[in-house]
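Shown next, in structure tokens, is the structure this report addresses.
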Amino acid sequence: MLHWLLKQLGKLTSRNKLTILIYHQVVDQKDPMRMPEPDTSEFDWQMKLIARNFNPISLPEAVKLLKQKRLPANSVCVTFDDGYINNLTVAQPILQRYKIPATVYIATGFSDGRNMWNDRLIDLIGQQNITEFNLSAIDLPPQAVDDSVSRAQLAYQLIPHIKYLPYSQRITTIDQLYKDNNAEELPRKMMSPEQIYNLSKLGVDIGAHTVDHPILAVEDEGTQKSQITQSKKALESLLGKQIIGFAYPNGKRSTDYDDAAVALAKNAGFEYAVSTEWGVSTPTTDPHQLRRFTPWDKTPFKFHLRLILKILGK
């Protein structure tokens, strides 16, 4: 009954209001180093709830209908950032089960087998054979850990020390941390070109997410242009079709991207772009700065309520 009431409230209040959800990974089972990421069972009930109570729609179609002021009530789009293998192997079968369209934004540089810098950092701190970490590469004293909680806390405390470095410096910093701690690289987490192609063939919309996932606002305009345009070209060459959607890395206005990046995305030929500014989008929202959010709630009722509250502007 509560879900039915929330669904009716959505019907009354959400016409021409687009809800876009952000995901990154769906893991087989909970990872103590990545607890916010949903596992299979959690993602399954979330998608089941969306299929029953909302209008799941592809993002390209939603953008077109929103512009025409014809977007149906309770419309929800599901998106994934970065291009993890488990988008194909874990998330896609669940999406297919409930007939939910999705868009996956690919940071194309990592399809060569490299893992992203943040995953490499989290993987480093998660290595059980290391109980004290040499952090001189980021000008911090050694830090000891004694359980999975302290490891996760340390990893997420260190991320801000590296995130806003130029992307090339982030790589060299992580390389040095691995060297200083005699750590081993973990297996690849990102999709290969073949896996990206297979995901597209299954009907999943593919968008661009730069080449190396830099914070665009800290890079010069030439680097921004190259990162945006080259990711589009690489995906179009791989898939043999036009790529019309783009996601700004990290995605906070001013902090992570600026007017220059918006103009570059438009000039590159993207029909729309998504940020991580929380909220819903309306016909007056800049189509190259669409809003998204992640509902972290762990029960179906709170998850459903969160979506309705966002529609209401809460």
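By order in the structure tokens, chains are A, B, ...; within a chain, residues start at 1; ligands start at 1, following the order shown.
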
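Among the residues of range 260-300 of chain A, backbone DSSP assigns helix (DSSP H, G or I) to A:Ala260, A:Ala261, A:Val262, A:Ala263, A:Leu264, A:Ala265, A:Lys266, A:Asn267, A:Pro300.
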
Can I get the residues of range 109-211 of chain A within 10 Å of range 71-79 of chain A, each with the closest pair of atoms and their distance in Å to one decimal, using only C-alpha atoms, sorted chain first then ascending number, as a tab-separated table?
residue	atom	partner	partner_atom	distance
A:Val204	CA	A:Thr79	CA	9.9
A:Asp205	CA	A:Thr79	CA	9.2
A:Ile206	CA	A:Thr79	CA	9.7
A:Gly207	CA	A:Thr79	CA	9.7

Restricting the output to N, CA, C and O atoms, write the selected residues as an mmCIF file, in the first residue's frame.
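Done, and the output landed in again.cif:
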data_model
loop_
_atom_site.group_PDB
_atom_site.id
_atom_site.type_symbol
_atom_site.label_atom_id
_atom_site.label_comp_id
_atom_site.auth_asym_id
_atom_site.auth_seq_id
_atom_site.Cartn_x
_atom_site.Cartn_y
_atom_site.Cartn_z
ATOM 1 N N VAL A 204 22.430 -1.864 -24.536
ATOM 2 C CA VAL A 204 22.778 -0.817 -23.569
ATOM 3 C C VAL A 204 23.359 0.386 -24.313
ATOM 4 O O VAL A 204 24.235 0.237 -25.165
ATOM 5 N N ASP A 205 22.846 1.566 -24.009
ATOM 6 C CA ASP A 205 23.340 2.804 -24.590
ATOM 7 C C ASP A 205 24.734 3.093 -24.045
ATOM 8 O O ASP A 205 24.980 2.963 -22.844
ATOM 9 N N ILE A 206 25.649 3.481 -24.910
ATOM 10 C CA ILE A 206 27.020 3.783 -24.511
ATOM 11 C C ILE A 206 27.286 5.274 -24.686
ATOM 12 O O ILE A 206 26.974 5.852 -25.732
ATOM 13 N N GLY A 207 27.843 5.888 -23.649
ATOM 14 C CA GLY A 207 28.222 7.292 -23.711
ATOM 15 C C GLY A 207 29.692 7.453 -23.374
ATOM 16 O O GLY A 207 30.363 6.512 -22.937
#

>> Considering only C-alpha atoms, can you say which of A:Ser111, A:Thr131, A:Ser275, A:Gln242 comes closest to Asp256 in chain A?
In response: A:Ser275

>> List the spatial neighbours of Ala183 in chain A as number ranges by chain - criterion: any atom at most 8 Å away, only C-alpha atoms, same-chain residues fewer than 3 positions off excluded.
In response: A: 124, 127, 178-180

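Using only C-alpha atoms, the smallest distance between any of A:Gln25, A:Ile311, A:Thr108, A:Val280 and Ser237 in chain A comes from A:Thr108.
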
> Got a sec: who's within 12 Å of Gln157 in chain A, counting only C-alpha atoms, leaving out chain neighbours fewer than 2 positions off, as a ChimeraX atom specification?
Replying inline: /A:118,121-122,125,140,143,150-155,159-163

> Using only C-alpha atoms, which residues sit within 9 Å of Asn181 in chain A once same-chain residues fewer than 6 positions away are excluded, as an MDAnalysis selection string?
Replying inline: chainID A and resid 124 130 132:135

Just to be explicit: take each residue in the selection above, keep N, CA and C atoms, and write the result as an mmCIF file, in the first residue's frame.
data_model
loop_
_atom_site.group_PDB
_atom_site.id
_atom_site.type_symbol
_atom_site.label_atom_id
_atom_site.label_comp_id
_atom_site.auth_asym_id
_atom_site.auth_seq_id
_atom_site.Cartn_x
_atom_site.Cartn_y
_atom_site.Cartn_z
ATOM 1 N N LEU A 124 45.199 -1.147 -3.085
ATOM 2 C CA LEU A 124 46.461 -1.110 -2.338
ATOM 3 C C LEU A 124 46.205 -1.201 -0.837
ATOM 4 N N ILE A 130 49.845 -6.140 4.027
ATOM 5 C CA ILE A 130 50.452 -4.869 4.433
ATOM 6 C C ILE A 130 49.654 -4.307 5.605
ATOM 7 N N GLU A 132 51.085 -1.635 7.605
ATOM 8 C CA GLU A 132 51.475 -0.233 7.763
ATOM 9 C C GLU A 132 51.903 0.297 6.399
ATOM 10 N N PHE A 133 51.346 1.432 6.001
ATOM 11 C CA PHE A 133 51.556 1.949 4.658
ATOM 12 C C PHE A 133 52.498 3.139 4.657
ATOM 13 N N ASN A 134 53.458 3.070 3.755
ATOM 14 C CA ASN A 134 54.360 4.180 3.499
ATOM 15 C C ASN A 134 53.622 5.166 2.596
ATOM 16 N N LEU A 135 53.359 6.363 3.102
ATOM 17 C CA LEU A 135 52.578 7.359 2.359
ATOM 18 C C LEU A 135 53.407 8.587 2.013
#

>> Report as an NGL selection string all protein, DNA and RNA residues lying within 9 Å of Gly203 in chain A, evaluated on only C-alpha atoms, omitting residues in the same chain fewer than 4 positions from it.
In response: :A and (101-102 or 199)

>> Which of range 19-177 of chain A end up as strand (DSSP E) when DSSP is run on this backbone - answer as a PyMOL selection string?
In response: chain A and resi 19-23+55-56+75-82+102-106+132-133+143-144

Go ahead and write the residues just picked, C-alpha atoms, as a CSV table (one decimal), in the first residue's frame.
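Output file result_17.csv follows:
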chain,number,residue,atom,x,y,z
A,19,THR,CA,15.1,11.4,-12.5
A,20,ILE,CA,18.5,10.0,-13.5
A,21,LEU,CA,20.2,7.5,-11.2
A,22,ILE,CA,24.0,7.2,-10.9
A,23,TYR,CA,25.7,3.8,-10.4
A,55,ASN,CA,8.6,4.4,-16.1
A,56,PRO,CA,12.1,3.2,-16.9
A,75,SER,CA,10.3,8.6,-15.7
A,76,VAL,CA,13.6,7.2,-14.4
A,77,CYS,CA,16.9,6.6,-16.2
A,78,VAL,CA,19.6,4.3,-15.0
A,79,THR,CA,23.2,5.2,-15.7
A,80,PHE,CA,26.7,3.8,-14.9
A,81,ASP,CA,29.9,5.7,-14.9
A,82,ASP,CA,33.4,4.6,-15.8
A,102,ALA,CA,20.6,1.8,-19.2
A,103,THR,CA,23.4,4.1,-20.3
A,104,VAL,CA,27.1,3.3,-19.5
A,105,TYR,CA,29.6,6.1,-19.7
A,106,ILE,CA,33.1,4.8,-20.7
A,132,GLU,CA,51.5,-0.2,7.8
A,133,PHE,CA,51.6,1.9,4.7
A,143,GLN,CA,49.6,4.8,8.7
A,144,ALA,CA,48.8,1.5,10.4

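What separates CA of Ser136 in chain A from CA of Leu177 in chain A is a distance of 8.0 Å.
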
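Proximity to range 229-231 of chain A at 7 Å, evaluated using only C-alpha atoms and with sequence-adjacent residues fewer than 3 positions away removed, yields Thr108, Ala208, His209, Thr210, Val211, Lys225, Ser226, Ala234, Leu235 and Ala268 of chain A.
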
Produce a file of the selected residues containing N, CA, C and O atoms, as a PDB file, in the first residue's frame.
ATOM      1  N   THR A 108      37.508   5.770 -21.820  1.00  0.00           N
ATOM      2  CA  THR A 108      38.047   4.842 -22.818  1.00  0.00           C
ATOM      3  C   THR A 108      39.489   4.418 -22.573  1.00  0.00           C
ATOM      4  O   THR A 108      39.901   3.342 -22.998  1.00  0.00           O
ATOM      5  N   ALA A 208      30.223   8.655 -23.582  1.00  0.00           N
ATOM      6  CA  ALA A 208      31.640   8.939 -23.346  1.00  0.00           C
ATOM      7  C   ALA A 208      31.841   9.574 -21.972  1.00  0.00           C
ATOM      8  O   ALA A 208      30.960  10.270 -21.454  1.00  0.00           O
ATOM      9  N   HIS A 209      33.041   9.348 -21.428  1.00  0.00           N
ATOM     10  CA  HIS A 209      33.355   9.815 -20.065  1.00  0.00           C
ATOM     11  C   HIS A 209      34.808  10.264 -19.992  1.00  0.00           C
ATOM     12  O   HIS A 209      35.468  10.077 -18.978  1.00  0.00           O
ATOM     13  N   THR A 210      35.310  10.841 -21.084  1.00  0.00           N
ATOM     14  CA  THR A 210      36.708  11.227 -21.312  1.00  0.00           C
ATOM     15  C   THR A 210      37.577   9.986 -21.535  1.00  0.00           C
ATOM     16  O   THR A 210      37.086   8.850 -21.498  1.00  0.00           O
ATOM     17  N   VAL A 211      38.867  10.223 -21.729  1.00  0.00           N
ATOM     18  CA  VAL A 211      39.823   9.126 -21.917  1.00  0.00           C
ATOM     19  C   VAL A 211      40.350   8.645 -20.570  1.00  0.00           C
ATOM     20  O   VAL A 211      40.238   7.471 -20.222  1.00  0.00           O
ATOM     21  N   LYS A 225      39.754  19.485 -24.217  1.00  0.00           N
ATOM     22  CA  LYS A 225      39.224  19.198 -25.554  1.00  0.00           C
ATOM     23  C   LYS A 225      39.659  17.816 -26.024  1.00  0.00           C
ATOM     24  O   LYS A 225      38.846  17.033 -26.544  1.00  0.00           O
ATOM     25  N   SER A 226      40.922  17.502 -25.831  1.00  0.00           N
ATOM     26  CA  SER A 226      41.424  16.195 -26.248  1.00  0.00           C
ATOM     27  C   SER A 226      40.741  15.071 -25.498  1.00  0.00           C
ATOM     28  O   SER A 226      40.330  14.065 -26.092  1.00  0.00           O
ATOM     29  N   ALA A 234      36.924   7.387 -30.115  1.00  0.00           N
ATOM     30  CA  ALA A 234      37.300   5.994 -29.855  1.00  0.00           C
ATOM     31  C   ALA A 234      36.068   5.098 -29.782  1.00  0.00           C
ATOM     32  O   ALA A 234      36.054   3.991 -30.339  1.00  0.00           O
ATOM     33  N   LEU A 235      35.029   5.570 -29.120  1.00  0.00           N
ATOM     34  CA  LEU A 235      33.810   4.771 -28.988  1.00  0.00           C
ATOM     35  C   LEU A 235      33.076   4.663 -30.321  1.00  0.00           C
ATOM     36  O   LEU A 235      32.535   3.606 -30.662  1.00  0.00           O
ATOM     37  N   ALA A 268      31.773  19.271 -29.457  1.00  0.00           N
ATOM     38  CA  ALA A 268      32.184  17.930 -29.871  1.00  0.00           C
ATOM     39  C   ALA A 268      31.037  17.163 -30.526  1.00  0.00           C
ATOM     40  O   ALA A 268      31.264  16.113 -31.134  1.00  0.00           O
TER      41      ALA A 268
END

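Between CA of His304 in chain A and CA of Asn250 in chain A lies a distance of 24.9 Å.
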
> What is the CA of Met116 in chain A-CA of Glu184 in chain A distance in Å, reported with one decimal?
Replying inline: 14.9 Å

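Proximity ranking of A:Leu312, A:Asp286, A:Ala107, A:Ser192 relative to Ile228 in chain A places A:Ala107 first, based on only C-alpha atoms.
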
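Restricting the calculation to only C-alpha atoms, the smallest distance between Leu65 in chain A and any of A:Leu18, A:Ala137, A:Met191, A:Leu239 is found for A:Leu18.
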